[in-house]
>>> print(open('work-v1.cif').read())   # mmCIF, C-alpha atoms and all ligand atoms
data_entry
loop_
_atom_site.group_PDB
_atom_site.id
_atom_site.type_symbol
_atom_site.label_atom_id
_atom_site.label_comp_id
_atom_site.auth_asym_id
_atom_site.auth_seq_id
_atom_site.Cartn_x
_atom_site.Cartn_y
_atom_site.Cartn_z
ATOM 1 C CA MET A 1 0.000 0.000 0.000
ATOM 2 C CA SER A 2 1.413 3.413 -0.916
ATOM 3 C CA THR A 3 2.117 6.036 1.721
ATOM 4 C CA PRO A 4 -0.329 8.951 1.875
ATOM 5 C CA THR A 5 1.042 12.505 1.963
ATOM 6 C CA TYR A 6 0.352 15.642 3.959
ATOM 7 C CA ALA A 7 0.117 19.053 2.311
ATOM 8 C CA LEU A 8 2.236 21.569 4.237
ATOM 9 C CA ASN A 9 1.493 25.265 4.748
ATOM 10 C CA ASP A 10 4.239 26.195 2.232
ATOM 11 C CA GLY A 11 2.657 24.342 -0.690
ATOM 12 C CA THR A 12 4.948 21.286 -0.496
ATOM 13 C CA THR A 13 4.059 17.789 0.714
ATOM 14 C CA LEU A 14 5.598 15.207 3.018
ATOM 15 C CA PRO A 15 4.944 11.472 3.262
ATOM 16 C CA ALA A 16 2.733 10.616 6.244
ATOM 17 C CA ILE A 17 5.548 8.597 7.859
ATOM 18 C CA GLY A 18 9.313 9.059 7.805
ATOM 19 C CA PHE A 19 12.433 7.201 8.901
ATOM 20 C CA GLY A 20 14.407 8.229 11.995
ATOM 21 C CA THR A 21 18.132 7.771 11.410
ATOM 22 C CA TYR A 22 19.570 8.282 14.896
ATOM 23 C CA PRO A 23 21.907 6.595 15.949
ATOM 24 C CA LEU A 24 22.654 4.825 12.630
ATOM 25 C CA LYS A 25 26.270 5.506 11.677
ATOM 26 C CA GLY A 26 29.172 4.055 9.731
ATOM 27 C CA GLU A 27 28.878 1.325 7.124
ATOM 28 C CA ASP A 28 26.146 -0.485 9.071
ATOM 29 C CA GLY A 29 24.247 2.784 9.362
ATOM 30 C CA THR A 30 24.539 3.523 5.642
ATOM 31 C CA ALA A 31 23.307 0.005 4.865
ATOM 32 C CA ALA A 32 20.353 0.383 7.241
ATOM 33 C CA ILE A 33 19.366 3.763 5.772
ATOM 34 C CA THR A 34 19.698 2.411 2.218
ATOM 35 C CA GLY A 35 17.495 -0.477 3.347
ATOM 36 C CA ALA A 36 14.898 1.983 4.615
ATOM 37 C CA LEU A 37 14.780 3.696 1.204
ATOM 38 C CA ASP A 38 14.448 0.309 -0.479
ATOM 39 C CA ALA A 39 11.649 -0.586 1.960
ATOM 40 C CA GLY A 40 9.729 2.483 0.805
ATOM 41 C CA TYR A 41 10.568 5.350 3.180
ATOM 42 C CA ARG A 42 10.710 8.684 1.341
ATOM 43 C CA LEU A 43 11.476 11.011 4.273
ATOM 44 C CA LEU A 44 14.771 10.633 6.172
ATOM 45 C CA ASP A 45 15.230 12.500 9.461
ATOM 46 C CA THR A 46 18.792 13.414 10.418
ATOM 47 C CA ALA A 47 20.572 16.235 12.296
ATOM 48 C CA VAL A 48 24.021 17.783 12.566
ATOM 49 C CA ASN A 49 24.220 16.343 16.071
ATOM 50 C CA TYR A 50 23.499 12.783 14.887
ATOM 51 C CA GLU A 51 26.833 12.971 13.038
ATOM 52 C CA ASN A 52 25.364 10.834 10.269
ATOM 53 C CA GLU A 53 24.489 13.308 7.522
ATOM 54 C CA ALA A 54 27.292 11.753 5.431
ATOM 55 C CA GLU A 55 25.724 8.314 5.834
ATOM 56 C CA VAL A 56 22.306 9.676 4.853
ATOM 57 C CA GLY A 57 23.780 11.254 1.715
ATOM 58 C CA GLU A 58 25.662 8.077 0.859
ATOM 59 C CA ALA A 59 22.503 5.965 1.312
ATOM 60 C CA LEU A 60 20.667 8.321 -1.029
ATOM 61 C CA ARG A 61 23.332 7.885 -3.696
ATOM 62 C CA ARG A 62 23.520 4.103 -3.182
ATOM 63 C CA SER A 63 19.796 3.557 -3.389
ATOM 64 C CA GLU A 64 17.953 3.168 -6.678
ATOM 65 C CA VAL A 65 15.352 5.692 -5.537
ATOM 66 C CA PRO A 66 15.537 8.940 -7.552
ATOM 67 C CA ARG A 67 16.720 11.964 -5.530
ATOM 68 C CA GLY A 68 13.553 13.864 -6.400
ATOM 69 C CA GLU A 69 11.376 11.309 -4.620
ATOM 70 C CA VAL A 70 13.164 11.609 -1.265
ATOM 71 C CA ARG A 71 12.881 14.353 1.371
ATOM 72 C CA ILE A 72 15.991 14.846 3.452
ATOM 73 C CA GLN A 73 15.299 16.587 6.750
ATOM 74 C CA THR A 74 18.090 17.879 8.971
ATOM 75 C CA LYS A 75 18.459 20.163 12.006
ATOM 76 C CA ILE A 76 20.859 22.860 13.136
ATOM 77 C CA PRO A 77 22.257 22.408 16.656
ATOM 78 C CA GLY A 78 22.027 24.858 19.559
ATOM 79 C CA ARG A 79 25.647 25.962 19.158
ATOM 80 C CA HIS A 80 24.808 27.311 15.672
ATOM 81 C CA HIS A 81 21.915 29.627 16.590
ATOM 82 C CA GLY A 82 23.617 32.914 15.712
ATOM 83 C CA TYR A 83 22.361 34.183 12.313
ATOM 84 C CA ASP A 84 25.684 33.766 10.468
ATOM 85 C CA ASP A 85 26.473 30.526 12.313
ATOM 86 C CA ALA A 86 23.097 29.076 11.315
ATOM 87 C CA LEU A 87 23.631 29.900 7.636
ATOM 88 C CA ALA A 88 27.146 28.436 7.787
ATOM 89 C CA SER A 89 25.723 25.329 9.480
ATOM 90 C CA ILE A 90 23.220 24.845 6.648
ATOM 91 C CA ARG A 91 25.987 25.193 4.038
ATOM 92 C CA THR A 92 28.052 22.588 5.885
ATOM 93 C CA SER A 93 25.038 20.240 6.019
ATOM 94 C CA LEU A 94 24.610 20.636 2.243
ATOM 95 C CA GLU A 95 28.238 19.616 1.758
ATOM 96 C CA THR A 96 28.133 16.748 4.229
ATOM 97 C CA LEU A 97 24.904 15.381 2.761
ATOM 98 C CA GLY A 98 26.254 15.932 -0.760
ATOM 99 C CA VAL A 99 23.033 17.499 -2.020
ATOM 100 C CA ASP A 100 22.398 20.875 -3.635
ATOM 101 C CA ARG A 101 19.265 21.580 -1.598
ATOM 102 C CA ILE A 102 17.976 20.466 1.797
ATOM 103 C CA ASP A 103 14.319 19.492 1.597
ATOM 104 C CA VAL A 104 13.365 20.226 5.209
ATOM 105 C CA GLN A 105 15.566 22.318 7.505
ATOM 106 C CA LEU A 106 14.689 22.450 11.214
ATOM 107 C CA ILE A 107 16.042 24.101 14.375
ATOM 108 C CA HIS A 108 16.770 21.129 16.664
ATOM 109 C CA TRP A 109 15.946 22.649 20.090
ATOM 110 C CA PRO A 110 14.993 26.191 21.087
ATOM 111 C CA ASN A 111 17.705 26.363 23.803
ATOM 112 C CA PRO A 112 15.949 29.355 25.420
ATOM 113 C CA SER A 113 18.871 30.030 27.767
ATOM 114 C CA VAL A 114 21.016 30.802 24.707
ATOM 115 C CA GLY A 115 18.322 33.250 23.625
ATOM 116 C CA LYS A 116 19.046 33.097 19.887
ATOM 117 C CA PHE A 117 16.325 30.901 18.412
ATOM 118 C CA VAL A 118 14.707 33.933 16.735
ATOM 119 C CA GLU A 119 18.041 34.704 15.040
ATOM 120 C CA ALA A 120 18.277 31.077 13.956
ATOM 121 C CA TRP A 121 14.755 31.241 12.530
ATOM 122 C CA LYS A 122 15.639 34.408 10.569
ATOM 123 C CA ALA A 123 18.588 32.499 9.093
ATOM 124 C CA LEU A 124 16.296 29.646 8.019
ATOM 125 C CA VAL A 125 13.983 32.178 6.343
ATOM 126 C CA THR A 126 16.991 33.599 4.464
ATOM 127 C CA ALA A 127 18.187 30.116 3.503
ATOM 128 C CA GLN A 128 14.755 29.378 2.075
ATOM 129 C CA GLN A 129 14.683 32.662 0.139
ATOM 130 C CA ASP A 130 18.180 31.899 -1.209
ATOM 131 C CA GLY A 131 17.144 28.426 -2.365
ATOM 132 C CA LEU A 132 19.424 26.456 -0.015
ATOM 133 C CA VAL A 133 16.431 24.735 1.597
ATOM 134 C CA THR A 134 12.874 24.070 0.473
ATOM 135 C CA THR A 135 10.819 23.745 3.655
ATOM 136 C CA ILE A 136 11.646 25.280 7.043
ATOM 137 C CA GLY A 137 10.428 24.241 10.446
ATOM 138 C CA VAL A 138 11.369 23.681 14.049
ATOM 139 C CA SER A 139 11.678 20.941 16.622
ATOM 140 C CA ASN A 140 10.826 20.958 20.314
ATOM 141 C CA PHE A 141 9.245 24.424 20.138
ATOM 142 C CA THR A 142 6.521 25.314 22.667
ATOM 143 C CA ALA A 143 3.566 27.632 21.976
ATOM 144 C CA GLU A 144 5.581 30.572 23.352
ATOM 145 C CA HIS A 145 8.579 29.847 21.116
ATOM 146 C CA LEU A 146 6.309 29.522 18.078
ATOM 147 C CA ASP A 147 4.507 32.770 18.876
ATOM 148 C CA ARG A 148 7.822 34.616 19.126
ATOM 149 C CA ILE A 149 9.332 33.487 15.829
ATOM 150 C CA ILE A 150 6.065 34.055 13.978
ATOM 151 C CA ALA A 151 5.594 37.519 15.513
ATOM 152 C CA GLU A 152 9.176 38.555 14.728
ATOM 153 C CA THR A 153 9.345 37.263 11.131
ATOM 154 C CA GLY A 154 5.781 36.791 9.904
ATOM 155 C CA VAL A 155 6.837 33.301 8.794
ATOM 156 C CA THR A 156 5.118 30.244 10.283
ATOM 157 C CA PRO A 157 7.100 26.980 10.421
ATOM 158 C CA ALA A 158 5.742 24.204 8.219
ATOM 159 C CA VAL A 159 6.474 21.502 10.800
ATOM 160 C CA ASN A 160 7.235 21.178 14.514
ATOM 161 C CA GLN A 161 8.896 17.893 15.468
ATOM 162 C CA ILE A 162 8.122 17.044 19.096
ATOM 163 C CA GLU A 163 8.401 14.153 21.530
ATOM 164 C CA LEU A 164 5.156 12.246 21.053
ATOM 165 C CA HIS A 165 4.246 8.660 21.986
ATOM 166 C CA PRO A 166 1.499 6.940 23.991
ATOM 167 C CA TYR A 167 3.062 7.859 27.353
ATOM 168 C CA PHE A 168 3.318 11.499 26.243
ATOM 169 C CA PRO A 169 0.475 12.201 23.810
ATOM 170 C CA GLN A 170 1.007 15.991 23.744
ATOM 171 C CA VAL A 171 -2.671 16.896 23.489
ATOM 172 C CA ASP A 172 -2.095 20.647 23.955
ATOM 173 C CA MET A 173 0.977 20.915 21.730
ATOM 174 C CA ARG A 174 -0.728 19.023 18.907
ATOM 175 C CA LYS A 175 -3.628 21.464 19.103
ATOM 176 C CA THR A 176 -1.279 24.473 19.157
ATOM 177 C CA ASN A 177 0.474 23.203 16.025
ATOM 178 C CA ALA A 178 -2.799 22.400 14.263
ATOM 179 C CA ASP A 179 -4.309 25.792 15.098
ATOM 180 C CA LEU A 180 -1.268 27.484 13.523
ATOM 181 C CA GLY A 181 -1.366 25.265 10.424
ATOM 182 C CA ILE A 182 1.862 23.505 11.462
ATOM 183 C CA ARG A 183 2.226 19.746 10.832
ATOM 184 C CA THR A 184 3.221 17.820 13.964
ATOM 185 C CA GLU A 185 6.054 15.321 13.492
ATOM 186 C CA ALA A 186 6.688 12.782 16.269
ATOM 187 C CA TRP A 187 10.120 11.831 17.589
ATOM 188 C CA SER A 188 10.561 8.592 19.536
ATOM 189 C CA PRO A 189 7.094 7.788 18.159
ATOM 190 C CA MET A 190 6.959 4.359 19.758
ATOM 191 C CA GLY A 191 8.537 5.480 23.010
ATOM 192 C CA LYS A 192 11.908 3.962 22.168
ATOM 193 C CA ARG A 193 13.013 1.498 24.868
ATOM 194 C CA GLN A 194 9.936 2.275 26.953
ATOM 195 C CA ALA A 195 7.543 1.418 24.110
ATOM 196 C CA PRO A 196 4.269 0.234 25.672
ATOM 197 C CA PHE A 197 3.979 -2.812 23.441
ATOM 198 C CA ASP A 198 2.544 -4.908 26.299
ATOM 199 C CA ALA A 199 0.138 -2.265 27.628
ATOM 200 C CA ALA A 200 -3.439 -3.537 27.315
ATOM 201 C CA PRO A 201 -4.796 -0.839 24.931
ATOM 202 C CA VAL A 202 -1.934 -1.516 22.495
ATOM 203 C CA ALA A 203 -1.762 -5.302 22.860
ATOM 204 C CA ASP A 204 -5.577 -5.682 22.636
ATOM 205 C CA ALA A 205 -5.769 -3.585 19.467
ATOM 206 C CA ALA A 206 -2.875 -5.543 17.938
ATOM 207 C CA ARG A 207 -4.763 -8.797 18.520
ATOM 208 C CA ALA A 208 -8.041 -7.370 17.237
ATOM 209 C CA HIS A 209 -6.512 -6.088 13.985
ATOM 210 C CA GLU A 210 -3.965 -8.912 13.577
ATOM 211 C CA VAL A 211 -1.050 -6.476 13.440
ATOM 212 C CA THR A 212 1.957 -5.845 15.678
ATOM 213 C CA PRO A 213 1.926 -3.511 18.709
ATOM 214 C CA ALA A 214 4.373 -1.242 16.872
ATOM 215 C CA GLN A 215 1.950 -0.985 13.952
ATOM 216 C CA VAL A 216 -0.855 -0.098 16.370
ATOM 217 C CA ILE A 217 1.174 2.755 17.860
ATOM 218 C CA LEU A 218 2.240 4.072 14.455
ATOM 219 C CA ARG A 219 -1.356 3.856 13.229
ATOM 220 C CA TRP A 220 -2.439 5.784 16.349
ATOM 221 C CA HIS A 221 -0.056 8.558 15.257
ATOM 222 C CA HIS A 222 -1.518 8.561 11.764
ATOM 223 C CA GLN A 223 -5.078 8.892 13.039
ATOM 224 C CA LEU A 224 -3.979 11.753 15.321
ATOM 225 C CA GLY A 225 -2.567 13.551 12.277
ATOM 226 C CA SER A 226 0.965 13.139 13.635
ATOM 227 C CA LEU A 227 3.794 12.260 11.235
ATOM 228 C CA PRO A 228 5.853 9.568 13.037
ATOM 229 C CA LEU A 229 9.582 9.049 12.447
ATOM 230 C CA PRO A 230 10.249 5.482 13.664
ATOM 231 C CA LYS A 231 13.846 4.250 13.684
ATOM 232 C CA SER A 232 14.762 0.642 13.075
ATOM 233 C CA GLY A 233 18.009 -0.951 12.044
ATOM 234 C CA THR A 234 16.167 -4.184 11.263
ATOM 235 C CA PRO A 235 14.860 -4.737 7.701
ATOM 236 C CA GLU A 236 11.742 -6.666 8.795
ATOM 237 C CA ARG A 237 10.774 -3.971 11.284
ATOM 238 C CA GLN A 238 11.485 -1.191 8.788
ATOM 239 C CA GLY A 239 9.009 -2.751 6.371
ATOM 240 C CA ALA A 240 6.397 -3.599 9.000
ATOM 241 C CA ASN A 241 6.539 -0.098 10.495
ATOM 242 C CA LEU A 242 5.564 1.348 7.097
ATOM 243 C CA ASP A 243 2.625 -0.992 6.725
ATOM 244 C CA ILE A 244 0.044 0.938 8.762
ATOM 245 C CA PHE A 245 -2.399 2.136 6.127
ATOM 246 C CA GLY A 246 -4.504 -1.006 5.733
ATOM 247 C CA PHE A 247 -6.414 -0.988 9.037
ATOM 248 C CA GLU A 248 -8.199 1.548 11.220
ATOM 249 C CA LEU A 249 -8.374 1.922 15.006
ATOM 250 C CA SER A 250 -11.780 2.648 16.491
ATOM 251 C CA ASP A 251 -12.452 5.821 18.488
ATOM 252 C CA ALA A 252 -12.432 3.711 21.659
ATOM 253 C CA GLU A 253 -9.069 2.147 20.774
ATOM 254 C CA MET A 254 -7.621 5.579 19.983
ATOM 255 C CA ALA A 255 -8.877 6.994 23.290
ATOM 256 C CA ALA A 256 -7.550 4.032 25.275
ATOM 257 C CA ILE A 257 -4.051 4.431 23.780
ATOM 258 C CA THR A 258 -4.076 8.183 24.406
ATOM 259 C CA GLY A 259 -5.205 7.317 27.946
ATOM 260 C CA LEU A 260 -1.772 5.763 28.585
ATOM 261 C CA GLY A 261 -0.444 9.327 28.744
ATOM 262 C CA ARG A 262 1.249 10.485 31.925
ATOM 263 C CA ARG A 263 1.951 13.994 33.137
ATOM 264 C CA ASP A 264 5.648 13.120 33.394
ATOM 265 C CA GLY A 265 5.650 10.841 30.367
ATOM 266 C CA ARG A 266 8.731 12.355 28.706
ATOM 267 C CA LEU A 267 11.438 9.760 28.041
ATOM 268 C CA PHE A 268 14.339 11.703 29.559
ATOM 269 C CA GLY A 269 12.885 14.901 30.953
ATOM 270 C CA GLY A 270 13.418 16.791 27.693
ATOM 271 C CA ASP A 271 11.325 19.839 28.554
ATOM 272 C CA PRO A 272 12.161 22.375 25.813
ATOM 273 C CA ASN A 273 11.999 25.223 28.363
ATOM 274 C CA THR A 274 14.898 23.790 30.330
ATOM 275 C CA HIS A 275 16.574 21.083 28.250
ATOM 276 C CA GLU A 276 19.735 22.346 26.532
ATOM 277 C CA GLU A 277 21.226 20.557 23.567
ATOM 278 C CA MET A 278 24.161 22.291 22.005
HETATM 279 N N1 LIG B 1 14.053 16.230 17.396
HETATM 280 C C1 LIG B 1 14.549 15.593 18.436
HETATM 281 O O1 LIG B 1 14.906 16.220 19.441
HETATM 282 C C2 LIG B 1 14.656 14.102 18.422
HETATM 283 C C3 LIG B 1 14.928 13.398 19.597
HETATM 284 C C4 LIG B 1 14.994 12.002 19.536
HETATM 285 C C5 LIG B 1 14.782 11.345 18.327
HETATM 286 N N2 LIG B 1 14.538 12.059 17.184
HETATM 287 C C6 LIG B 1 14.272 11.383 15.882
HETATM 288 O O2 LIG B 1 13.250 10.419 16.068
HETATM 289 C C7 LIG B 1 13.697 9.170 15.550
HETATM 290 C C8 LIG B 1 13.040 8.002 16.260
HETATM 291 O O3 LIG B 1 13.211 8.104 17.660
HETATM 292 P P1 LIG B 1 13.827 6.940 18.570
HETATM 293 O O4 LIG B 1 14.759 6.129 17.804
HETATM 294 O O5 LIG B 1 14.286 7.617 19.806
HETATM 295 O O6 LIG B 1 12.549 6.109 19.001
HETATM 296 P P2 LIG B 1 11.561 5.057 18.324
HETATM 297 O O7 LIG B 1 11.583 5.169 16.846
HETATM 298 O O8 LIG B 1 10.272 5.221 19.052
HETATM 299 O O9 LIG B 1 12.169 3.662 18.794
HETATM 300 C C9 LIG B 1 13.288 3.079 18.195
HETATM 301 C C10 LIG B 1 13.546 1.760 18.912
HETATM 302 O O10 LIG B 1 12.452 0.869 18.700
HETATM 303 C C11 LIG B 1 12.924 -0.338 18.113
HETATM 304 N N3 LIG B 1 11.914 -0.772 17.131
HETATM 305 C C12 LIG B 1 11.676 -0.207 15.918
HETATM 306 N N4 LIG B 1 10.669 -0.822 15.300
HETATM 307 C C13 LIG B 1 10.251 -1.823 16.130
HETATM 308 C C14 LIG B 1 9.245 -2.802 16.037
HETATM 309 N N5 LIG B 1 8.463 -2.896 14.967
HETATM 310 N N6 LIG B 1 9.105 -3.671 17.084
HETATM 311 C C15 LIG B 1 9.906 -3.575 18.175
HETATM 312 N N7 LIG B 1 10.864 -2.655 18.317
HETATM 313 C C16 LIG B 1 11.045 -1.772 17.302
HETATM 314 C C17 LIG B 1 14.249 -0.018 17.494
HETATM 315 O O11 LIG B 1 15.101 -1.135 17.519
HETATM 316 P P3 LIG B 1 15.759 -1.757 16.167
HETATM 317 O O12 LIG B 1 16.525 -0.652 15.505
HETATM 318 O O13 LIG B 1 16.617 -2.842 16.695
HETATM 319 O O14 LIG B 1 14.617 -2.269 15.324
HETATM 320 C C18 LIG B 1 14.793 1.077 18.426
HETATM 321 O O15 LIG B 1 15.414 0.504 19.556
HETATM 322 C C19 LIG B 1 15.216 9.221 15.727
HETATM 323 O O16 LIG B 1 15.869 8.277 14.915
HETATM 324 C C20 LIG B 1 15.489 10.644 15.311
HETATM 325 O O17 LIG B 1 15.489 10.742 13.893
HETATM 326 C C21 LIG B 1 14.472 13.417 17.222
#
>>> encode(input="work-v1.cif", output="structure tokens")
Amino acid sequence: MSTPTYALNDGTTLPAIGFGTYPLKGEDGTAAITGALDAGYRLLDTAVNYENEAEVGEALRRSEVPRGEVRIQTKIPGRHHGYDDALASIRTSLETLGVDRIDVQLIHWPNPSVGKFVEAWKALVTAQQDGLVTTIGVSNFTAEHLDRIIAETGVTPAVNQIELHPYFPQVDMRKTNADLGIRTEAWSPMGKRQAPFDAAPVADAARAHEVTPAQVILRWHHQLGSLPLPKSGTPERQGANLDIFGFELSDAEMAAITGLGRRDGRLFGGDPNTHEEM
């Protein structure tokens, strides 16, 4: 079954599911990312701080999939938030990836204590105007961070990539993004090592629909309107994680999975107001 797409607020589209590349590195990493392209993923999520942009670029060249069919998404780190630093960072990413245009350029974390995320956003706007990048967005931005960059530039991000999984369903942040016309992307979409594969709402739905618990969680994202970025180094899981468009969870199943949410459900306490990632 082919992957549906989302229309973004800048007139471009993204596939409804992407591939998370962290921490895939080296020859094994390149092989795994090439495998993901062969399995059918058309959106690859990387970042300067994953130190694997070279592997992503190499996988793109190795794969039979035409460049024009793939969206490469990367992120500038907190240490590059100054306007000139951010533009230099994007140029370095272009070189490391070995592409002439980045499809989706994000700011990785707001790092509010650094106080330069507005500058970084202005640099992304310039990079888009100059044709270095196609789509611009952010990651881990709260409502306050979004309001500031929009107020100061008049430019609304196309996507906001946030921590989102059954233990942290981000009801308010999803609504904030939707109200602003921003597509929510989900990092650690299954909850990584804490994935609630055995939790009753997930396990029951998996049995009822004859799918895996991972497919249930990824389908839950899809029905929420969230674009999940699952990572797997395993070919079978890569393929299975894409295969979520042939069944539908009921409203009760959706509500039960969302009901697994906890107030402190973040995986490692990554509150964007306090978490610093340079
Ligand atoms: N913006 C940010 O701040 C941020 C932060 C964290 C992550 N991310 C992005 O989000 C992506 C995904 O996040 P993540 O890797 O933390 O979490 P995840 O995708 O929720 O979980 C990945 C883990 O689940 C396992 N797995 C994958 N498919 C499975 C399946 N079908 N059944 C059982 N286990 C399965 C993987 O193991 P195997 O590889 O062995 O299959 C891996 O250990 C990252 O790669 C990165 O691109 C972004």
>>> resolve_selection(input="work-v1.cif", expression="the PyMOL selection byres (((chain A and resi 54-70) around 9) and not hetatm)", output="MDAnalysis selection string")
chainID A and resid 21 24:27 29:35 37:38 41:46 51:53 71:72 93 95:99 103
>>> write_last_selection(input="work-v1.cif", atoms="C-alpha atoms", output="PDB file, in the coordinates of the input")
ATOM      1  CA  THR A  21      18.132   7.771  11.410  1.00  0.00           C
ATOM      2  CA  LEU A  24      22.654   4.825  12.630  1.00  0.00           C
ATOM      3  CA  LYS A  25      26.270   5.506  11.677  1.00  0.00           C
ATOM      4  CA  GLY A  26      29.172   4.055   9.731  1.00  0.00           C
ATOM      5  CA  GLU A  27      28.878   1.325   7.124  1.00  0.00           C
ATOM      6  CA  GLY A  29      24.247   2.784   9.362  1.00  0.00           C
ATOM      7  CA  THR A  30      24.539   3.523   5.642  1.00  0.00           C
ATOM      8  CA  ALA A  31      23.307   0.005   4.865  1.00  0.00           C
ATOM      9  CA  ALA A  32      20.353   0.383   7.241  1.00  0.00           C
ATOM     10  CA  ILE A  33      19.366   3.763   5.772  1.00  0.00           C
ATOM     11  CA  THR A  34      19.698   2.411   2.218  1.00  0.00           C
ATOM     12  CA  GLY A  35      17.495  -0.477   3.347  1.00  0.00           C
ATOM     13  CA  LEU A  37      14.780   3.696   1.204  1.00  0.00           C
ATOM     14  CA  ASP A  38      14.448   0.309  -0.479  1.00  0.00           C
ATOM     15  CA  TYR A  41      10.568   5.350   3.180  1.00  0.00           C
ATOM     16  CA  ARG A  42      10.710   8.684   1.341  1.00  0.00           C
ATOM     17  CA  LEU A  43      11.476  11.011   4.273  1.00  0.00           C
ATOM     18  CA  LEU A  44      14.771  10.633   6.172  1.00  0.00           C
ATOM     19  CA  ASP A  45      15.230  12.500   9.461  1.00  0.00           C
ATOM     20  CA  THR A  46      18.792  13.414  10.418  1.00  0.00           C
ATOM     21  CA  GLU A  51      26.833  12.971  13.038  1.00  0.00           C
ATOM     22  CA  ASN A  52      25.364  10.834  10.269  1.00  0.00           C
ATOM     23  CA  GLU A  53      24.489  13.308   7.522  1.00  0.00           C
ATOM     24  CA  ARG A  71      12.881  14.353   1.371  1.00  0.00           C
ATOM     25  CA  ILE A  72      15.991  14.846   3.452  1.00  0.00           C
ATOM     26  CA  SER A  93      25.038  20.240   6.019  1.00  0.00           C
ATOM     27  CA  GLU A  95      28.238  19.616   1.758  1.00  0.00           C
ATOM     28  CA  THR A  96      28.133  16.748   4.229  1.00  0.00           C
ATOM     29  CA  LEU A  97      24.904  15.381   2.761  1.00  0.00           C
ATOM     30  CA  GLY A  98      26.254  15.932  -0.760  1.00  0.00           C
ATOM     31  CA  VAL A  99      23.033  17.499  -2.020  1.00  0.00           C
ATOM     32  CA  ASP A 103      14.319  19.492   1.597  1.00  0.00           C
TER      33      ASP A 103
END
>>> residues_near_ligand(input="work-v1.cif", ligand="ligand LIG 1 (chain B)", cutoff="6 Å", atoms="all atoms listed in the file", output="number ranges by chain")
A: 20-22, 45-46, 108, 139, 161, 187-193, 214, 229-234, 237, 241
>>> resolve_selection(input="work-v1.cif", expression="the PyMOL selection byres (((chain A and resi 80) around 12) and not hetatm)", output="JSON, numbers by chain")
{"A": [48, 49, 75, 76, 77, 78, 79, 81, 82, 83, 84, 85, 86, 87, 88, 89, 90, 91, 92, 93, 107, 108, 109, 110, 111, 114, 115, 116, 117, 119, 120, 121, 123, 124, 277, 278]}
>>> resolve_selection(input="work-v1.cif", expression="the PyMOL selection byres (((chain A and resi 134) around 12) and not hetatm)", output="number ranges by chain")
A: 8, 10-14, 71-74, 100-106, 124-133, 135-137, 157-158
>>> residues_near_point(input="work-v1.cif", point="(6.9, 34.8, 18.3)", cutoff="10 Å", atoms="only C-alpha atoms", output="MDAnalysis selection string")
chainID A and resid 118 143:156
